[in-house]
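Coordinates as given in my_file.tsv (TSV, C-alpha atoms and all ligand atoms):
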```tsv
chain	number	residue	atom	x	y	z
A	1	MET	CA	7.02	-8.48	1.59
A	2	THR	CA	10.40	-7.82	3.21
A	3	PRO	CA	10.19	-4.97	5.69
A	4	PRO	CA	12.87	-2.27	5.88
A	5	ARG	CA	15.54	-2.77	8.54
A	6	GLY	CA	14.47	-1.95	12.06
A	7	VAL	CA	10.78	-2.02	11.22
A	8	ALA	CA	8.82	-4.69	13.01
A	9	VAL	CA	6.03	-5.49	10.60
A	10	LEU	CA	3.04	-7.39	11.90
A	11	PRO	CA	2.05	-10.65	10.19
A	12	PRO	CA	-0.08	-9.97	7.07
A	13	PHE	CA	-3.06	-12.03	8.23
A	14	GLU	CA	-3.33	-10.05	11.43
A	15	THR	CA	-6.01	-7.42	11.06
A	16	HIS	CA	-5.75	-4.05	12.76
A	17	SER	CA	-8.91	-2.21	11.81
A	18	ALA	CA	-12.64	-2.87	11.69
A	19	GLN	CA	-12.46	-2.61	7.88
A	20	ALA	CA	-9.69	-5.19	7.55
A	21	ARG	CA	-11.47	-7.46	10.03
A	22	ALA	CA	-14.68	-7.35	8.00
A	23	ILE	CA	-12.73	-8.43	4.90
A	24	ALA	CA	-10.82	-11.16	6.76
A	25	ASP	CA	-14.10	-12.47	8.25
A	26	LEU	CA	-15.69	-12.65	4.80
A	27	PHE	CA	-12.65	-14.58	3.59
A	28	THR	CA	-12.98	-17.08	6.45
A	29	GLN	CA	-16.76	-17.46	6.01
A	30	THR	CA	-16.39	-18.03	2.26
A	31	LEU	CA	-13.58	-20.50	2.86
A	32	ILE	CA	-15.76	-22.47	5.31
A	33	VAL	CA	-18.75	-22.53	2.91
A	34	CYS	CA	-16.54	-23.64	0.00
A	35	GLY	CA	-14.81	-26.23	2.20
A	36	ILE	CA	-18.20	-27.72	3.15
A	37	ILE	CA	-19.24	-27.80	-0.54
A	38	LEU	CA	-15.98	-29.57	-1.44
A	39	LEU	CA	-16.50	-32.18	1.30
A	40	VAL	CA	-20.17	-32.82	0.45
A	41	VAL	CA	-19.55	-33.08	-3.31
A	42	THR	CA	-16.50	-35.34	-2.80
A	43	PHE	CA	-18.52	-37.57	-0.45
A	44	LEU	CA	-21.55	-37.77	-2.79
A	45	VAL	CA	-19.44	-38.55	-5.87
A	46	THR	CA	-17.45	-41.23	-4.03
A	47	TYR	CA	-20.64	-42.69	-2.54
A	48	CYS	CA	-22.40	-42.85	-5.93
A	49	VAL	CA	-19.37	-44.36	-7.69
A	50	VAL	CA	-19.17	-47.15	-5.14
A	51	ARG	CA	-22.87	-47.67	-4.44
A	52	PHE	CA	-24.27	-47.56	-7.98
A	53	ARG	CA	-21.45	-49.23	-9.84
A	54	GLU	CA	-22.61	-51.99	-12.23
A	55	LYS	CA	-20.66	-54.98	-11.02
A	56	ASP	CA	-21.29	-57.13	-14.08
A	57	PRO	CA	-18.88	-55.85	-16.80
A	58	LYS	CA	-21.05	-57.32	-19.57
A	59	LYS	CA	-24.17	-55.44	-18.52
A	60	GLU	CA	-25.03	-51.84	-19.46
A	61	PRO	CA	-25.53	-49.80	-16.18
A	62	VAL	CA	-29.07	-48.65	-15.41
A	63	GLN	CA	-29.74	-45.36	-17.22
A	64	THR	CA	-31.63	-42.63	-15.33
A	65	ALA	CA	-33.04	-39.62	-17.15
A	66	GLY	CA	-35.04	-36.86	-15.45
A	67	HIS	CA	-35.59	-36.73	-11.72
A	68	THR	CA	-37.62	-33.64	-10.86
A	69	ARG	CA	-37.05	-33.74	-7.11
A	70	LEU	CA	-33.26	-34.12	-7.49
A	71	GLU	CA	-33.10	-31.37	-10.11
A	72	ILE	CA	-35.03	-28.92	-7.92
A	73	THR	CA	-32.77	-29.78	-4.98
A	74	TRP	CA	-29.52	-29.24	-6.83
A	75	THR	CA	-30.74	-25.96	-8.26
A	76	LEU	CA	-32.19	-24.60	-5.04
A	77	ILE	CA	-29.20	-25.36	-2.80
A	78	PRO	CA	-26.64	-23.45	-4.97
A	79	VAL	CA	-29.08	-20.54	-5.36
A	80	LEU	CA	-29.38	-20.31	-1.56
A	81	ILE	CA	-25.60	-20.55	-1.16
A	82	VAL	CA	-24.98	-17.77	-3.71
A	83	ALA	CA	-27.68	-15.60	-2.12
A	84	GLY	CA	-26.09	-16.12	1.32
A	85	LEU	CA	-22.61	-15.24	0.04
A	86	THR	CA	-24.03	-12.14	-1.71
A	87	LEU	CA	-25.57	-10.96	1.55
A	88	LEU	CA	-22.32	-11.54	3.45
A	89	THR	CA	-20.40	-9.67	0.73
A	90	ALA	CA	-22.80	-6.72	0.76
A	91	ARG	CA	-22.48	-6.50	4.54
A	92	THR	CA	-18.69	-6.55	4.28
A	93	MET	CA	-18.70	-3.90	1.55
A	94	ALA	CA	-20.78	-1.62	3.72
A	95	SER	CA	-18.46	-1.95	6.72
A	96	SER	CA	-15.13	-2.03	4.87
A	97	ASP	CA	-15.87	0.93	2.63
A	98	PRO	CA	-18.07	3.47	4.41
A	99	PRO	CA	-18.97	6.56	2.34
A	100	ALA	CA	-16.78	9.65	2.65
A	101	ASP	CA	-18.64	12.12	4.83
A	102	ARG	CA	-16.08	14.87	5.31
A	103	GLU	CA	-13.00	16.54	3.86
A	104	PRO	CA	-10.16	14.04	3.48
A	105	ASP	CA	-7.43	14.20	6.12
A	106	ILE	CA	-4.72	13.13	3.70
A	107	THR	CA	-4.35	13.08	-0.06
A	108	VAL	CA	-2.17	10.30	-1.41
A	109	ILE	CA	-1.01	10.62	-5.00
A	110	GLY	CA	0.43	7.60	-6.80
A	111	HIS	CA	3.41	8.32	-9.04
A	112	GLN	CA	5.64	5.99	-11.02
A	113	TRP	CA	7.05	4.76	-8.55
A	114	TRP	CA	6.42	6.41	-5.22
A	115	TRP	CA	3.58	7.80	-3.13
A	116	GLU	CA	3.15	11.50	-2.45
A	117	VAL	CA	1.41	12.17	0.86
A	118	ARG	CA	-0.13	15.59	1.47
A	119	TYR	CA	-1.85	16.41	4.76
A	120	ARG	CA	-4.71	18.85	5.12
A	121	SER	CA	-2.54	20.54	7.75
A	122	GLY	CA	0.04	21.41	5.08
A	123	ALA	CA	2.60	18.70	5.86
A	124	VAL	CA	3.98	16.91	2.81
A	125	THR	CA	5.89	13.67	2.82
A	126	ALA	CA	6.48	10.61	0.68
A	127	ASN	CA	6.08	6.85	1.00
A	128	GLU	CA	5.26	7.15	4.68
A	129	ILE	CA	1.88	7.94	6.19
A	130	HIS	CA	1.75	8.90	9.84
A	131	MET	CA	-1.62	8.73	11.56
A	132	PRO	CA	-3.07	8.71	15.05
A	133	VAL	CA	-3.98	5.30	16.42
A	134	GLY	CA	-7.68	4.55	16.95
A	135	ARG	CA	-8.99	7.35	14.72
A	136	ASP	CA	-10.59	7.13	11.28
A	137	VAL	CA	-8.42	8.78	8.70
A	138	LEU	CA	-10.01	9.59	5.38
A	139	VAL	CA	-7.49	9.23	2.56
A	140	ALA	CA	-8.24	10.77	-0.83
A	141	LEU	CA	-6.45	8.95	-3.63
A	142	GLU	CA	-5.25	10.27	-6.95
A	143	SER	CA	-2.82	9.20	-9.61
A	144	ALA	CA	-0.33	11.42	-11.40
A	145	ASP	CA	0.27	9.03	-14.27
A	146	VAL	CA	-0.92	5.42	-14.62
A	147	ILE	CA	-3.18	3.07	-12.66
A	148	HIS	CA	-1.75	2.19	-9.27
A	149	ASP	CA	-3.41	0.33	-6.43
A	150	PHE	CA	-3.21	1.38	-2.80
A	151	TRP	CA	-3.12	-1.48	-0.32
A	152	VAL	CA	-2.21	-1.77	3.34
A	153	PRO	CA	-3.42	-5.34	4.00
A	154	GLN	CA	-3.74	-5.11	7.78
A	155	LEU	CA	-5.69	-1.87	7.73
A	156	GLY	CA	-8.27	-2.34	5.05
A	157	ARG	CA	-9.33	-2.78	1.51
A	158	LYS	CA	-7.30	-2.56	-1.64
A	159	ILE	CA	-8.26	0.19	-4.05
A	160	ASP	CA	-7.31	1.07	-7.61
A	161	VAL	CA	-5.97	4.56	-8.13
A	162	THR	CA	-6.90	5.57	-11.67
A	163	PRO	CA	-5.82	8.85	-13.28
A	164	GLY	CA	-8.77	11.23	-13.54
A	165	TYR	CA	-10.91	9.23	-11.09
A	166	PRO	CA	-10.21	10.46	-7.57
A	167	THR	CA	-11.39	8.03	-4.94
A	168	HIS	CA	-11.00	7.50	-1.22
A	169	VAL	CA	-10.27	4.88	1.38
A	170	TRP	CA	-10.63	4.83	5.15
A	171	LEU	CA	-7.58	3.97	7.23
A	172	GLU	CA	-7.78	3.10	10.87
A	173	ALA	CA	-5.31	1.27	13.08
A	174	ASP	CA	-6.26	-0.22	16.42
A	175	ALA	CA	-2.66	-0.66	17.58
A	176	ALA	CA	0.39	1.57	17.40
A	177	GLY	CA	3.01	0.22	15.04
A	178	THR	CA	4.30	0.23	11.51
A	179	TYR	CA	2.23	-1.35	8.77
A	180	LEU	CA	3.63	-2.24	5.39
A	181	GLY	CA	1.66	-1.27	2.30
A	182	THR	CA	2.30	-1.60	-1.37
A	183	CYS	CA	1.15	-0.77	-4.85
A	184	ALA	CA	-0.89	-3.79	-5.88
A	185	GLU	CA	-1.43	-3.10	-9.57
A	186	PHE	CA	1.33	-3.55	-12.14
A	187	CYS	CA	2.30	0.01	-13.08
A	188	GLY	CA	5.59	-0.33	-14.90
A	189	ALA	CA	9.20	-1.36	-14.41
A	190	GLN	CA	9.50	-0.48	-10.72
A	191	HIS	CA	6.01	-1.51	-9.61
A	192	ALA	CA	7.59	-3.84	-7.05
A	193	TRP	CA	9.39	-0.88	-5.45
A	194	MET	CA	6.37	1.20	-4.73
A	195	ARG	CA	6.12	0.42	-1.05
A	196	LEU	CA	4.52	2.44	1.64
A	197	LEU	CA	4.76	2.52	5.42
A	198	VAL	CA	1.90	3.48	7.67
A	199	VAL	CA	3.08	4.58	11.09
A	200	ALA	CA	0.26	4.60	13.65
A	201	GLN	CA	1.18	6.65	16.71
A	202	SER	CA	-0.51	7.99	19.81
A	203	PRO	CA	-2.52	11.16	19.04
A	204	GLU	CA	0.07	13.25	20.95
A	205	GLU	CA	2.99	11.77	19.02
A	206	PHE	CA	1.14	12.26	15.79
A	207	ALA	CA	0.31	15.90	16.57
A	208	ALA	CA	4.00	16.55	17.32
A	209	TRP	CA	5.06	14.84	14.09
A	210	ASP	CA	2.51	16.79	12.05
A	211	GLN	CA	3.55	20.09	13.63
A	212	HIS	CA	7.22	19.38	12.92
A	213	GLU	CA	6.53	18.21	9.38
A	214	ARG	CA	4.81	21.50	8.55
A	215	GLU	CA	7.86	23.49	9.57
A	216	PRO	CA	10.35	24.50	6.88
A	217	ALA	CA	13.74	22.83	6.72
A	218	PRO	CA	16.47	24.50	8.79
A	219	ASN	CA	19.01	26.58	6.88
A	220	PRO	CA	22.36	24.75	6.76
A	221	THR	CA	24.94	26.01	9.26
A	222	ASP	CA	27.80	23.62	8.47
A	223	PRO	CA	29.88	24.76	5.41
A	224	GLU	CA	29.75	21.32	3.75
A	225	ALA	CA	25.97	21.22	4.17
A	226	ALA	CA	25.74	24.75	2.75
A	227	LYS	CA	27.68	23.55	-0.30
A	228	GLY	CA	25.20	20.69	-0.62
A	229	ALA	CA	22.28	23.13	-0.37
A	230	ARG	CA	23.77	25.19	-3.21
A	231	LEU	CA	24.35	22.08	-5.30
A	232	PHE	CA	20.73	21.08	-4.74
A	233	VAL	CA	19.58	24.32	-6.38
A	234	ASP	CA	22.32	24.60	-9.05
A	235	MET	CA	22.01	21.05	-10.28
A	236	THR	CA	18.79	19.58	-11.55
A	237	CYS	CA	17.53	18.31	-8.14
A	238	ALA	CA	15.38	21.36	-7.38
A	239	GLN	CA	13.43	20.97	-10.60
A	240	CYS	CA	11.71	17.84	-9.31
A	241	HIS	CA	12.14	17.96	-5.53
A	242	ALA	CA	10.90	20.60	-3.13
A	243	ILE	CA	12.70	21.59	0.06
A	244	ARG	CA	10.63	24.15	1.92
A	245	ARG	CA	13.16	26.56	3.45
A	246	PRO	CA	12.71	29.81	5.32
A	247	GLY	CA	13.10	32.73	2.94
A	248	VAL	CA	13.24	30.57	-0.16
A	249	THR	CA	10.18	30.43	-2.34
A	250	ILE	CA	9.72	27.17	-4.15
A	251	THR	CA	6.92	26.71	-6.60
A	252	GLN	CA	5.55	23.39	-5.44
A	253	PRO	CA	7.04	20.81	-7.81
A	254	ASN	CA	5.87	17.32	-7.15
A	255	SER	CA	7.40	15.18	-9.84
A	256	GLY	CA	9.77	13.87	-7.16
A	257	PRO	CA	9.30	13.41	-3.40
A	258	ASP	CA	9.34	16.49	-1.15
A	259	LEU	CA	12.69	16.42	0.69
A	260	THR	CA	12.00	18.99	3.44
A	261	HIS	CA	12.41	16.35	6.17
A	262	VAL	CA	13.93	13.55	4.10
A	263	ALA	CA	16.44	12.41	6.75
A	264	GLU	CA	13.57	11.35	9.02
A	265	ARG	CA	12.11	8.85	6.62
A	266	THR	CA	12.64	5.13	6.97
A	267	THR	CA	13.36	4.24	3.37
A	268	LEU	CA	14.68	5.66	0.10
A	269	GLY	CA	13.25	5.07	-3.35
A	270	ALA	CA	9.86	3.89	-1.99
A	271	GLY	CA	11.39	1.03	-0.03
A	272	VAL	CA	14.30	0.02	-2.24
A	273	LEU	CA	16.92	1.06	0.36
A	274	ASP	CA	16.93	1.73	4.09
A	275	ASN	CA	17.45	5.43	4.64
A	276	ASP	CA	20.94	6.01	6.05
A	277	GLU	CA	23.94	8.10	5.06
A	278	LYS	CA	25.70	5.31	3.17
A	279	ASN	CA	22.63	4.29	1.19
A	280	LEU	CA	21.73	7.90	0.43
A	281	TRP	CA	25.20	8.38	-1.02
A	282	ARG	CA	24.86	5.21	-3.13
A	283	TRP	CA	21.41	6.32	-4.27
A	284	LEU	CA	22.64	9.79	-5.38
A	285	LYS	CA	25.60	8.26	-7.21
A	286	ASP	CA	23.66	5.61	-9.10
A	287	PRO	CA	19.89	5.69	-8.84
A	288	GLN	CA	19.53	3.92	-12.18
A	289	GLY	CA	21.73	1.06	-10.94
A	290	ILE	CA	19.57	0.70	-7.81
A	291	LYS	CA	16.12	1.38	-9.29
A	292	PRO	CA	16.44	0.99	-13.08
A	293	GLY	CA	13.83	2.91	-15.03
A	294	SER	CA	12.94	5.25	-12.18
A	295	HIS	CA	12.62	8.95	-13.01
A	296	MET	CA	15.60	9.83	-10.82
A	297	PRO	CA	18.42	10.37	-13.33
A	298	SER	CA	22.02	9.31	-12.76
A	299	VAL	CA	23.69	12.73	-13.09
A	300	GLN	CA	27.30	11.53	-12.74
A	301	LEU	CA	27.95	13.29	-9.43
A	302	SER	CA	31.56	13.38	-8.24
A	303	ASP	CA	32.16	11.63	-4.90
A	304	LYS	CA	32.74	15.05	-3.29
A	305	LYS	CA	29.48	16.50	-4.58
A	306	ALA	CA	27.55	13.41	-3.49
A	307	THR	CA	29.10	13.72	-0.03
A	308	ASP	CA	28.14	17.43	0.21
A	309	LEU	CA	24.58	16.65	-0.83
A	310	VAL	CA	24.36	13.83	1.71
A	311	THR	CA	25.73	16.14	4.42
A	312	TYR	CA	22.99	18.62	3.55
A	313	PHE	CA	20.20	16.06	3.31
A	314	GLU	CA	21.19	14.61	6.69
A	315	THR	CA	20.41	18.02	8.24
A	316	LEU	CA	16.85	17.84	6.88
A	317	ARG	CA	15.17	16.50	9.97
A	401	LIG	CU1	2.15	1.63	-8.76
A	401	LIG	CU2	2.27	-0.73	-9.14
```

If you took the structure in this file and wrote it as structure tokens, what would it be?
Amino acid sequence: MTPPRGVAVLPPFETHSAQARAIADLFTQTLIVCGIILLVVTFLVTYCVVRFREKDPKKEPVQTAGHTRLEITWTLIPVLIVAGLTLLTARTMASSDPPADREPDITVIGHQWWWEVRYRSGAVTANEIHMPVGRDVLVALESADVIHDFWVPQLGRKIDVTPGYPTHVWLEADAAGTYLGTCAEFCGAQHAWMRLLVVAQSPEEFAAWDQHEREPAPNPTDPEAAKGARLFVDMTCAQCHAIRRPGVTITQPNSGPDLTHVAERTTLGAGVLDNDEKNLWRWLKDPQGIKPGSHMPSVQLSDKKATDLVTYFETLR
């Protein structure tokens, strides 16, 4: 997976939580067991082919039928191996997927093709989860449309997100940093652009982020930005996207990402573009050219209107 610009993403086989480590350990243990089986079987077959070959081409090789001791052995050994692997798997399941024992900290909702992230504190964001390092974060998962699959490989298990079947996953990061996640279940045309970033920060940094994220967007002061703010309401944008502003009541629409603090996010379109002024302008002008099939319509904005909207969105920090 290619990370967005400026994001140092840790190698995918590095594990950064107890849950992810349990899964990686099970993978290694299974690989070792299967490797040993491969070596033993290869050796035995080669040995038998060489050792028991009938050297006289005219003679029929000795036929052996029924060998109770051998049959018991080759039944018992695989049964023991499967039982051992089952035990290891059960142990991993217990440690990688502990039961939910409290209210979820975050609710993540899969949409075609982006992730809505709602915090218990009231903060709402998209395609970017911030969390304190070293703490268990309980994530409730829901889908707004089709089956998605939530997966942040370095932090834990992969889990299907099925409409009508809310579920949960634990996230925990043992090191501060940015972790790349993705939708791991084919969910339509833009499945590949349903990325997610998990930003693990110190508890103080996280508290400050959460506090700021709960605040409404500032009212625009610059005249161009004010024009953009008006456009946002007058055009169709406000029907899908929420911008929480002081003195403006918005019935919480969530068919598109909440844009209250959009300028702070790392990417646009769930990872399809890095979030900067130039890309935001391109995205507003031609979302269907950049992410064909996405539910963001190309509304034929004039260059001037796109610029006013970008000026406004850039104030949303
Ligand atoms: Cu959502 Cu693939």

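Compared by their closest atoms to Asp174 in chain A, and using all atoms listed in the file, the residues A:Gln300, A:Thr307, A:Ser95, A:Ser17 rank with A:Ser17 nearest.
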
*asked:* Hey, which residues sit close to ligand LIG 401 (chain A)? Say within 9 Å, counting only C-alpha atoms and all ligand atoms, and write them as a ChimeraX atom specification.
replied: /A:110-115,146-150,161,182-195

*Excluding same-chain residues fewer than 2 positions from Leu280 in chain A, what lies within 12 Å of it counting all atoms listed in the file, as an NGL selection string?*
:A and (262-263 or 265-269 or 272-278 or 282-287 or 290 or 306-314)

*Which distance in Å separates CA of Lys291 in chain A and CA of Arg118 in chain A, to one decimal?*
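Going from CA of Lys291 in chain A over to CA of Arg118 in chain A, I get 24.1 Å.
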
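Of note, CA of Asp210 in chain A and CA of Gly181 in chain A are spaced 20.5 Å apart.
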
*May I ask for the distance between CA of Ile36 in chain A and CA of Thr92 in chain A, given in Å to one decimal place?*
21.2 Å

*Which of these residues is nearest to Pro218 in chain A, using only C-alpha atoms: A:Ala24, A:Leu316, A:Glu205, A:Val198?*
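Ranking A:Ala24, A:Leu316, A:Glu205, A:Val198 by distance to Pro218 in chain A, first place goes to A:Leu316.
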
_I'd like the contact shell of Gly177 in chain A - 7 Å cut-off, all atoms listed in the file, skipping same-chain residues fewer than 4 positions apart - returned as number ranges by chain._
A: 199-201

*Pick from A:Ala270, A:Met296, A:Ala173, A:Val62 nearest to Gln19 in chain A, counting all atoms listed in the file*: A:Ala173

*Kindly indicate which residue among A:Ala225, A:Leu155, A:Val233, A:Val169 lies nearest to Val139 in chain A, using all atoms listed in the file for the distances.*
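That would be A:Val169, the residue with the smallest distance to Val139 in chain A.
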
*Given the choices A:Pro153, A:Gly228, A:Gly256, A:Pro104, which gets closest to Leu301 in chain A if the distance is worked out from all atoms listed in the file?*
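Nearest candidate to Leu301 in chain A out of A:Pro153, A:Gly228, A:Gly256, A:Pro104: A:Gly228.
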
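Ranking A:Arg245, A:Phe43, A:Glu204, A:Gly84 by their shortest atom-to-atom distance to Thr30 in chain A, with only C-alpha atoms included, puts A:Gly84 first.
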
*Using only C-alpha atoms, give me every residue within 9 Å of (5.6, 14.7, 4.0) in file coordinates, as a PyMOL selection string.*
chain A and resi 116-119+122-129+210+213-214+257-262
